[in-house]
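Okay, protein.cif now, which holds mmCIF, C-alpha atoms:
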```
data_target
#
loop_
_atom_site.label_atom_id
_atom_site.label_comp_id
_atom_site.auth_asym_id
_atom_site.auth_seq_id
_atom_site.Cartn_x
_atom_site.Cartn_y
_atom_site.Cartn_z
CA MET A 1 190.70 324.12 55.92
CA CYS A 2 190.64 327.85 55.64
CA THR A 3 192.56 329.10 52.70
CA ILE A 4 194.97 331.88 53.23
CA LEU A 5 193.61 335.21 52.24
CA LEU A 6 195.71 337.26 49.93
CA GLN A 7 194.91 340.91 49.82
CA ARG A 8 195.70 342.86 46.74
CA GLU A 9 197.04 346.23 47.55
CA PRO A 10 197.76 347.96 44.31
CA GLN A 11 199.41 350.93 45.99
CA THR A 12 202.02 349.00 47.89
CA GLN A 13 202.42 345.77 45.99
CA GLN A 14 205.07 345.87 43.31
CA PRO A 15 203.44 344.57 40.17
CA ARG A 16 205.97 342.88 38.00
CA GLY A 17 206.74 343.45 34.38
CA TYR A 18 203.95 344.75 32.23
CA ALA A 19 201.34 344.00 34.87
CA ARG A 20 202.09 347.47 36.20
CA SER A 21 200.60 349.22 33.23
CA VAL A 22 197.24 347.38 33.35
CA SER A 23 196.45 348.91 36.72
CA THR A 24 194.16 351.47 35.22
CA GLY A 25 191.80 353.37 37.45
CA GLU A 26 188.97 351.09 36.47
CA LEU A 27 190.77 347.92 37.41
CA ARG A 28 191.75 349.39 40.78
CA VAL A 29 188.11 349.87 41.63
CA ILE A 30 187.48 346.22 40.94
CA ASP A 31 190.46 345.27 43.06
CA ALA A 32 189.03 347.24 45.96
CA VAL A 33 185.75 345.35 45.64
CA GLU A 34 187.66 342.09 45.61
CA ALA A 35 189.65 342.92 48.70
CA ALA A 36 186.60 344.14 50.61
CA PHE A 37 184.67 341.07 49.53
CA ALA A 38 187.30 338.70 50.83
CA GLN A 39 187.39 340.61 54.11
CA GLY A 40 183.67 340.13 54.60
CA ASP A 41 182.56 343.71 54.14
CA GLU A 42 178.83 343.42 53.51
CA ASP A 43 178.66 346.43 51.24
CA ALA A 44 181.18 344.58 49.13
CA LEU A 45 178.64 341.84 48.42
CA ARG A 46 176.30 344.47 47.00
CA ALA A 47 179.19 346.01 45.07
CA ALA A 48 180.14 342.61 43.69
CA TYR A 49 176.52 342.03 42.74
CA ASP A 50 176.30 345.41 41.02
CA ALA A 51 179.53 344.77 39.18
CA HIS A 52 178.98 341.15 38.15
CA GLY A 53 175.33 340.20 38.80
CA SER A 54 174.28 340.92 35.26
CA LEU A 55 177.13 338.81 33.88
CA VAL A 56 176.20 335.85 36.10
CA TYR A 57 172.50 336.17 35.33
CA SER A 58 173.08 336.55 31.58
CA PHE A 59 175.25 333.45 31.67
CA CYS A 60 172.53 331.48 33.48
CA ARG A 61 169.95 332.62 30.94
CA ARG A 62 172.01 331.05 28.16
CA SER A 63 170.95 327.62 29.41
CA LEU A 64 168.01 328.20 31.78
CA GLY A 65 164.60 329.84 31.78
CA ASP A 66 164.08 333.07 33.63
CA ASP A 67 162.93 331.65 36.97
CA ARG A 68 165.70 329.11 37.27
CA ALA A 69 168.26 331.64 36.06
CA LYS A 70 167.22 334.00 38.85
CA ASP A 71 167.42 331.19 41.42
CA VAL A 72 170.85 330.11 40.26
CA THR A 73 172.09 333.71 40.25
CA GLN A 74 170.99 334.02 43.88
CA GLU A 75 172.61 330.72 44.76
CA VAL A 76 175.86 331.83 43.17
CA PHE A 77 176.10 335.02 45.22
CA VAL A 78 175.01 333.37 48.46
CA SER A 79 177.51 330.53 47.98
CA ALA A 80 180.22 332.98 47.04
CA TRP A 81 179.52 334.99 50.16
CA ARG A 82 179.67 331.94 52.39
CA ALA A 83 182.86 330.78 50.80
CA ARG A 84 184.39 334.25 50.57
CA GLU A 85 187.44 333.28 52.59
CA ARG A 86 188.37 330.90 49.83
CA PHE A 87 188.46 333.65 47.26
CA ASP A 88 192.06 334.45 46.40
CA SER A 89 192.47 337.49 44.20
CA SER A 90 196.01 336.52 43.33
CA LYS A 91 194.61 333.51 41.43
CA GLY A 92 192.00 335.33 39.38
CA SER A 93 189.27 337.92 39.44
CA LEU A 94 186.09 337.97 41.47
CA ALA A 95 184.13 337.82 38.21
CA GLY A 96 186.01 334.69 37.21
CA TRP A 97 185.42 333.11 40.58
CA LEU A 98 181.70 333.88 40.51
CA MET A 99 181.40 332.52 36.99
CA GLY A 100 183.23 329.37 38.10
CA ILE A 101 180.60 328.85 40.81
CA ALA A 102 177.85 329.54 38.26
CA LYS A 103 179.33 326.97 35.86
CA ASN A 104 179.21 324.27 38.52
CA ARG A 105 175.62 325.10 39.39
CA LEU A 106 174.56 325.11 35.75
CA ILE A 107 176.26 321.80 35.09
CA ASP A 108 174.52 320.28 38.14
CA ASN A 109 171.25 321.55 36.73
CA ILE A 110 171.86 320.08 33.31
CA ARG A 111 172.72 316.70 34.81
CA ALA A 112 169.59 316.69 36.94
CA GLU A 113 167.48 317.61 33.91
CA ARG A 114 169.09 314.85 31.91
CA ARG A 115 168.31 312.27 34.55
CA HIS A 116 164.70 313.38 34.55
CA ALA A 117 164.59 313.31 30.76
CA SER A 118 166.11 309.86 30.51
CA ARG A 119 163.40 308.44 32.74
CA ARG A 120 160.69 309.74 30.48
CA ALA A 121 161.46 307.12 27.89
CA ASP A 122 158.20 307.54 26.02
CA SER A 123 158.56 311.27 25.51
CA GLU A 124 160.49 313.05 22.79
CA PRO A 125 164.20 313.39 23.45
CA VAL A 126 164.90 316.80 24.94
CA GLU A 127 167.69 318.93 23.60
CA LEU A 128 169.95 319.78 26.52
CA PRO A 129 173.16 321.77 26.55
CA VAL A 130 176.39 319.84 26.94
CA GLU A 131 178.60 320.52 29.97
CA SER A 132 181.61 321.50 27.90
CA ASN A 133 179.51 324.05 26.02
CA VAL A 134 178.40 325.63 29.26
CA GLU A 135 182.02 326.03 30.32
CA ARG A 136 183.00 327.45 26.99
CA VAL A 137 180.14 329.95 26.91
CA GLY A 138 181.07 331.08 30.43
CA ASP A 139 184.70 331.57 29.43
CA ARG A 140 183.75 333.53 26.33
CA MET A 141 181.40 335.76 28.31
CA LEU A 142 184.17 336.45 30.80
CA VAL A 143 186.56 337.33 28.01
CA ALA A 144 183.96 339.64 26.47
CA ASP A 145 183.45 341.27 29.87
CA ALA A 146 187.18 341.65 30.46
CA LEU A 147 187.57 343.19 27.03
CA LYS A 148 185.07 345.91 27.97
CA SER A 149 187.12 346.89 30.99
CA LEU A 150 190.35 347.35 29.03
CA PRO A 151 191.58 350.83 28.19
CA GLU A 152 190.11 352.02 24.91
CA ARG A 153 193.28 351.70 22.84
CA SER A 154 194.11 348.25 24.10
CA ARG A 155 190.57 347.06 23.42
CA THR A 156 190.57 348.41 19.87
CA VAL A 157 193.89 346.79 19.08
CA ILE A 158 192.79 343.42 20.47
CA GLU A 159 189.51 343.54 18.59
CA LEU A 160 191.33 344.26 15.36
CA ALA A 161 193.78 341.42 15.99
CA TYR A 162 191.36 338.69 17.06
CA LEU A 163 187.90 339.67 15.89
CA SER A 164 188.86 341.30 12.59
CA ASP A 165 191.90 339.05 12.10
CA LEU A 166 194.29 341.81 11.07
CA THR A 167 198.05 341.35 11.30
CA HIS A 168 200.03 343.53 13.68
CA THR A 169 201.35 345.51 10.72
CA GLN A 170 197.85 346.07 9.37
CA ILE A 171 196.71 347.22 12.82
CA ALA A 172 199.62 349.67 13.03
CA GLU A 173 198.56 351.13 9.66
CA GLU A 174 194.89 351.20 10.60
CA THR A 175 195.43 352.93 13.95
CA SER A 176 198.53 354.97 13.14
CA LEU A 177 200.25 353.49 16.18
CA PRO A 178 203.89 352.34 16.12
CA LEU A 179 204.20 348.59 15.56
CA GLY A 180 205.91 348.18 18.95
CA THR A 181 202.98 349.84 20.69
CA VAL A 182 200.51 347.58 18.93
CA LYS A 183 202.46 344.53 20.04
CA SER A 184 202.83 345.64 23.64
CA ASP A 185 199.16 346.69 23.84
CA ILE A 186 198.12 343.24 22.69
CA ARG A 187 200.45 341.54 25.13
CA ARG A 188 199.21 343.63 28.05
CA GLY A 189 195.60 343.28 27.03
CA LEU A 190 195.83 339.49 26.81
CA ALA A 191 197.52 339.33 30.21
CA SER A 192 194.81 341.49 31.69
CA ILE A 193 192.06 339.31 30.21
CA ARG A 194 193.80 336.19 31.43
CA ARG A 195 193.76 337.47 34.98
CA TYR A 196 190.03 338.02 34.65
CA LEU A 197 189.39 334.36 33.83
CA GLU A 198 189.15 331.86 36.60
CA PRO A 199 192.28 329.79 37.07
CA SER A 200 192.50 327.12 34.40
CA HIS A 201 192.11 323.56 35.56
CA ASP A 202 195.45 322.08 36.47
CA MET B 1 208.75 328.57 29.09
CA THR B 2 210.15 329.90 32.32
CA ASP B 3 208.37 329.12 35.48
CA ASP B 4 209.13 331.67 38.13
CA HIS B 5 205.54 332.20 39.21
CA GLU B 6 205.01 334.83 36.61
CA PRO B 7 201.69 336.38 37.65
CA ASP B 8 200.66 337.07 34.11
CA GLY B 9 200.32 333.43 33.30
CA THR B 10 201.87 330.86 31.12
CA ASP B 11 201.83 330.71 27.34
CA THR B 12 199.08 328.09 27.61
CA ASP B 13 196.87 330.56 29.45
CA ILE B 14 197.49 333.24 26.86
CA GLU B 15 196.73 330.79 24.06
CA ARG B 16 193.49 329.93 25.82
CA VAL B 17 192.56 333.62 25.89
CA GLU B 18 193.44 333.98 22.20
CA ALA B 19 191.30 330.98 21.27
CA LEU B 20 188.35 332.33 23.25
CA LEU B 21 188.69 335.76 21.63
CA ARG B 22 188.63 334.15 18.17
CA GLU B 23 185.46 332.16 18.83
CA MET B 24 183.60 334.97 20.61
CA SER B 25 180.29 336.04 19.15
CA SER B 26 178.45 339.28 19.76
CA GLU B 27 175.97 337.37 21.95
CA ASP B 28 178.78 336.64 24.42
CA GLY B 29 179.12 340.33 25.18
CA GLU B 30 175.42 341.06 25.59
CA LEU B 31 174.43 341.47 29.19
CA LEU B 32 170.82 341.29 30.29
CA GLU B 33 169.35 343.62 32.82
CA LEU B 34 169.03 341.99 36.23
CA PRO B 35 165.45 341.43 37.37
CA ASP B 36 164.68 343.55 40.42
CA ASP B 37 163.82 340.72 42.78
CA VAL B 38 167.10 338.84 42.57
CA TRP B 39 168.98 340.94 45.12
CA ALA B 40 166.29 340.62 47.79
CA GLY B 41 166.74 336.85 47.90
CA ILE B 42 170.49 337.14 48.29
CA GLU B 43 170.18 339.75 51.01
CA ALA B 44 167.62 337.74 52.97
CA GLU B 45 169.80 334.67 53.03
CA VAL B 46 172.99 336.49 53.84
CA ASP B 47 171.33 338.46 56.67
CA MET B 48 170.32 335.21 58.28
CA ALA B 49 173.81 333.86 58.03
CA ASP B 50 175.27 336.98 59.57
CA ASP B 51 173.06 336.64 62.60
CA GLN B 52 175.08 333.79 63.92
CA ALA B 53 178.06 336.06 64.31
CA ASP B 54 176.18 338.02 66.96
CA VAL B 55 176.27 337.22 70.62
CA VAL B 56 173.72 334.49 71.07
CA VAL B 57 170.60 335.77 72.78
CA LEU B 58 168.15 332.95 73.01
CA ASP B 59 164.95 334.97 73.17
CA ARG B 60 165.97 337.41 70.48
CA PRO B 61 163.04 338.16 68.18
CA ARG B 62 163.23 336.06 65.08
CA ARG B 63 163.89 337.85 61.92
CA PHE B 64 163.02 335.21 59.42
CA SER B 65 159.76 334.52 57.85
CA SER B 66 156.85 334.06 60.18
CA ARG B 67 155.94 331.02 58.16
CA MET B 68 158.75 329.35 60.02
CA ALA B 69 156.81 329.50 63.26
CA VAL B 70 154.22 327.16 61.82
CA VAL B 71 156.64 324.30 61.60
CA SER B 72 158.57 325.13 64.68
CA ALA B 73 156.50 323.38 67.28
CA VAL B 74 157.47 319.99 66.03
CA ALA B 75 161.10 320.68 66.66
CA ALA B 76 160.37 320.82 70.36
CA ALA B 77 159.85 317.10 70.54
CA ALA B 78 162.97 316.33 68.61
CA VAL B 79 165.14 318.83 70.29
CA ILE B 80 164.96 317.46 73.79
CA ILE B 81 167.83 315.23 72.80
CA VAL B 82 170.21 318.15 73.23
CA GLY B 83 173.22 315.93 73.61
CA GLY B 84 175.76 318.16 72.11
CA ILE B 85 177.54 316.46 69.34
CA ALA B 86 181.01 317.62 70.22
CA VAL B 87 182.46 317.71 66.81
CA VAL B 88 185.97 317.55 68.06
CA THR B 89 187.94 317.12 64.93
CA GLN B 90 189.34 313.70 65.32
CA ARG B 91 192.13 313.94 62.93
CA ASP B 92 193.48 310.47 62.68
CA GLU B 93 195.18 309.88 59.40
CA GLY B 94 192.22 308.02 57.97
CA GLY B 95 189.61 309.21 55.53
CA PRO B 96 186.17 310.63 56.30
CA THR B 97 184.82 309.85 59.77
CA VAL B 98 181.15 309.76 60.67
CA VAL B 99 180.81 311.96 63.75
CA ALA B 100 177.01 312.12 64.08
CA SER B 101 173.87 310.86 62.43
CA ALA B 102 170.18 311.63 62.31
CA GLU B 103 167.00 309.83 61.41
CA LEU B 104 164.66 312.28 59.80
CA ALA B 105 160.97 311.86 60.47
CA TYR B 106 157.71 313.24 59.15
CA ASP B 107 155.36 315.02 61.46
CA PRO B 108 151.78 314.73 60.21
CA ALA B 109 150.60 317.53 62.48
CA SER B 110 152.58 320.34 60.95
CA PHE B 111 154.63 319.17 57.99
CA ASP B 112 153.85 319.44 54.31
CA GLU B 113 151.91 316.37 53.19
CA LEU B 114 154.37 315.80 50.37
CA GLY B 115 156.54 314.23 53.06
CA ALA B 116 153.92 311.74 54.24
CA ASP B 117 155.73 308.72 52.83
CA ALA B 118 159.21 310.18 52.91
CA ALA B 119 162.13 308.96 54.99
CA ALA B 120 165.82 309.72 55.22
CA ASN B 121 168.88 308.95 57.29
CA VAL B 122 171.78 311.35 57.25
CA SER B 123 175.32 311.34 58.61
CA LEU B 124 177.60 314.17 59.56
CA VAL B 125 181.00 313.34 58.15
CA ASP B 126 184.31 314.93 59.04
CA ASP B 127 186.58 314.74 56.05
CA ASP B 128 189.88 316.17 57.17
CA GLY B 129 188.24 319.15 58.85
CA ILE B 130 185.58 319.68 56.17
CA LEU B 131 182.16 318.75 57.53
CA ARG B 132 179.52 317.33 55.23
CA VAL B 133 175.99 316.16 55.69
CA GLU B 134 175.52 312.99 53.68
CA ILE B 135 172.10 311.66 52.86
CA ASP B 136 172.66 307.95 53.28
CA GLU B 137 169.29 306.32 52.75
CA SER B 138 166.31 308.18 51.52
CA ASP B 139 162.94 307.91 49.95
CA LEU B 140 162.21 311.44 48.93
CA PRO B 141 159.27 312.79 46.95
CA SER B 142 159.90 314.72 43.77
CA PRO B 143 158.17 318.10 44.00
CA SER B 144 159.03 319.05 40.44
CA GLY B 145 155.37 318.93 39.41
CA GLU B 146 154.75 322.20 41.19
CA SER B 147 158.02 323.87 40.18
CA ALA B 148 159.66 323.44 43.55
CA ASP B 149 162.80 321.85 44.92
CA LEU B 150 163.71 320.00 48.07
CA GLU B 151 166.19 321.90 50.19
CA LEU B 152 168.40 320.72 53.02
CA TRP B 153 168.85 322.91 56.11
CA LEU B 154 170.66 322.87 59.42
CA ILE B 155 168.71 324.52 62.22
CA GLU B 156 169.79 325.95 65.52
CA PRO B 157 166.83 325.57 67.86
CA ASP B 158 166.17 328.01 70.67
CA ALA B 159 165.47 327.00 74.26
CA ASP B 160 161.88 326.10 73.37
CA GLY B 161 162.89 323.99 70.43
CA ASN B 162 161.84 326.55 67.88
CA PRO B 163 164.22 327.31 65.04
CA ALA B 164 166.43 330.19 66.11
CA GLU B 165 168.77 330.22 63.16
CA LEU B 166 169.08 328.18 60.06
CA VAL B 167 171.37 327.71 57.14
CA SER B 168 170.69 326.18 53.76
CA LEU B 169 173.06 323.46 52.66
CA GLY B 170 171.61 323.31 49.18
CA VAL B 171 169.01 321.86 46.86
CA ILE B 172 168.53 318.10 46.94
CA ASP B 173 168.07 316.03 43.84
CA PRO B 174 165.52 313.44 45.07
CA GLU B 175 167.00 310.83 42.75
CA LYS B 176 170.56 311.33 43.87
CA PRO B 177 170.63 313.09 47.23
CA GLY B 178 174.41 313.01 47.68
CA ASP B 179 176.25 315.10 50.23
CA PHE B 180 176.40 318.74 51.26
CA GLU B 181 179.24 320.70 52.71
CA VAL B 182 178.51 322.53 55.96
CA PRO B 183 179.61 326.16 55.51
CA ALA B 184 182.74 326.84 57.51
CA ASP B 185 181.13 329.30 59.92
CA TYR B 186 178.41 326.94 61.10
CA ASP B 187 179.03 324.57 63.95
CA PRO B 188 176.78 321.48 63.69
CA ASP B 189 177.05 321.22 67.45
CA VAL B 190 174.89 324.36 67.49
CA TYR B 191 172.99 323.89 64.24
CA PHE B 192 172.17 320.30 65.01
CA VAL B 193 168.69 319.80 63.61
CA VAL B 194 168.56 318.56 60.02
CA ASP B 195 165.53 319.66 58.02
CA ILE B 196 164.30 318.99 54.50
CA SER B 197 161.75 321.40 53.07
CA VAL B 198 159.82 321.99 49.86
CA GLU B 199 160.90 325.28 48.36
CA PRO B 200 158.83 326.77 45.58
CA ARG B 201 160.95 328.32 42.84
CA ASP B 202 159.68 331.76 43.72
CA GLY B 203 162.96 333.57 44.16
CA ASN B 204 162.51 333.68 47.93
CA ALA B 205 165.56 332.16 49.56
CA ASN B 206 163.96 331.94 53.00
CA HIS B 207 162.74 328.65 54.37
CA SER B 208 159.23 328.18 52.98
CA GLY B 209 157.90 326.80 56.25
CA ARG B 210 156.95 323.61 54.40
CA SER B 211 159.17 321.01 56.03
CA ILE B 212 158.77 317.38 55.04
CA LEU B 213 161.33 315.71 57.30
CA ARG B 214 163.32 316.70 60.34
CA GLY B 215 165.56 315.16 62.98
CA PRO B 216 168.38 316.02 65.37
CA LEU B 217 171.95 314.90 64.85
CA THR B 218 173.23 312.68 67.61
CA GLU B 219 176.76 311.66 68.23
CA THR B 220 177.80 308.27 66.92
#
```
Produce structure tokens that represent the structure in this file.
Amino acid sequence: MCTILLQREPQTQQPRGYARSVSTGELRVIDAVEAAFAQGDEDALRAAYDAHGSLVYSFCRRSLGDDRAKDVTQEVFVSAWRARERFDSSKGSLAGWLMGIAKNRLIDNIRAERRHASRRADSEPVELPVESNVERVGDRMLVADALKSLPERSRTVIELAYLSDLTHTQIAEETSLPLGTVKSDIRRGLASIRRYLEPSHD
Amino acid sequence: MTDDHEPDGTDTDIERVEALLREMSSEDGELLELPDDVWAGIEAEVDMADDQADVVVLDRPRRFSSRMAVVSAVAAAAVIIVGGIAVVTQRDEGGPTVVASAELAYDPASFDELGADAAANVSLVDDDGILRVEIDESDLPSPSGESADLELWLIEPDADGNPAELVSLGVIDPEKPGDFEVPADYDPDVYFVVDISVEPRDGNANHSGRSILRGPLTET
């Protein structure tokens, strides 16, 4: 029943292909938190909370009031800690895993609220978020968070490509980077963001 | 698309990232400051859980909330049934197996009066090595009027029947109690008293001391 623990050791593990170049200093720090977390190092829980608590809480606040959002944030970290042996950093980031737990809790909450609301037949219908929206918001917040942790150049290029909708050629002109660099920055950046997301549902 | 366990993901994953980037709004990147009291609740609960890793000393001073002592006396009566549940994982090929059950009862002397008319029967189910507490039959009050939840706990009693350690299994929806996974590190042979409490939504993850139902698991 206990999942095998995979430690990420950036120094010794041979990253393949362009994964090598996304191991910036910043991402290594996160990897260290992930490894320590999975090993049950208590300081790592605090480090994980410092690194991702605000993300989890902000996500909860998108569909809950302050008190419930605080409760759910606590539940997420406590559950994550109890289930830490199931965290597998080769499948995704700690942030993605925590947000996955938060999604489930939020969806449970919405369903409970809906059951309560449906019994109050005489009252006004209450506007409640839809499960799929909660998932989508969580994914977008993770992507936004991952984007912030990318190296400056990679982030700029991705923002120009997807938020400003420029073509690769236009980005090359805008940034004075060679077209090949623009393309490889985008490819690396997307791969790095993808790793940050929780594993997609098979 | 080649599939040689490329760690950077499939094209589908990358397309998913691209779609999310395109629909992102500035709100998605705005992070709120964490309220100060959130960490304390996490720490309190995790500290309790870590206790069970220590060598078991029965008369060790209790570290959790003194409120707990108020409800503890009642456990004494229940706890005399220290049978030992012996959750030997019977791994026959079949599906979930009920290994123990408990009838939860209200104690008018020390329990929260919200539980006066409450009742519940629970089973401990072994589902291929994963243990779950299932609430089979229940008539549970809804504490939502006072902004509180019902919470399910497993308690390890000390030699006097007072709670020595406890672990939360989660918040119960009174309308649909369902089942709760027992965290891997907790042996229901040791944490064998099932407790349901009223927990105000006050950010304090400790047991409130307001139990409404309690009963020991006994082997079936």
Item to check | Between atom CA of His52 of chain A and atom CA of Leu98 of chain A - distance in Å to one decimal | outcome: 8.1 Å
Next on the checklist: Is it possible to get the residues within 12 Å of (201.7, 350.0, 16.2) (coordinates as in the file, counting all atoms listed in the file) written as number ranges by chain?
Outcome noted: A: 153-154, 156-158, 160-161, 167-186
Item to check | Selection near Trp81 of chain A, 9 Å with only C-alpha atoms, sequence-local residues under 3 positions removed, as a ChimeraX atom specification | outcome: /A:37-38,40,45,76-78,84-85 /B:46
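Residues matched by the PyMOL selection byres ((chain B) within 7 of (chain A)) in this file are Asp8, Asp13, Ile14, Val17, Leu20, Leu21, Arg22, Met24, Asp28, Gly29, Leu31, Leu32, Glu33, Leu34, Val38, Gly41, Ile42, Val46, Gly129, Ile130, Pro183 and Gly203 of chain B.
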Item to check | All residues 9 Å or closer to Trp153 of chain B, only C-alpha atoms, same chain fewer than 5 positions away omitted, as a list in words | outcome: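 The residues satisfying every condition are Leu166, Val167, Ser168, Leu169, Gly170, Val193, Val194, Asp195, Ile196, Ser197 and His207 of chain B.
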Next on the checklist: Quick check, in Å to one decimal: how far apart do atom CA of Leu114 of chain B and atom CA of Ile135 of chain B lie?
Outcome noted: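 Going from atom CA of Leu114 of chain B over to atom CA of Ile135 of chain B covers 18.4 Å.
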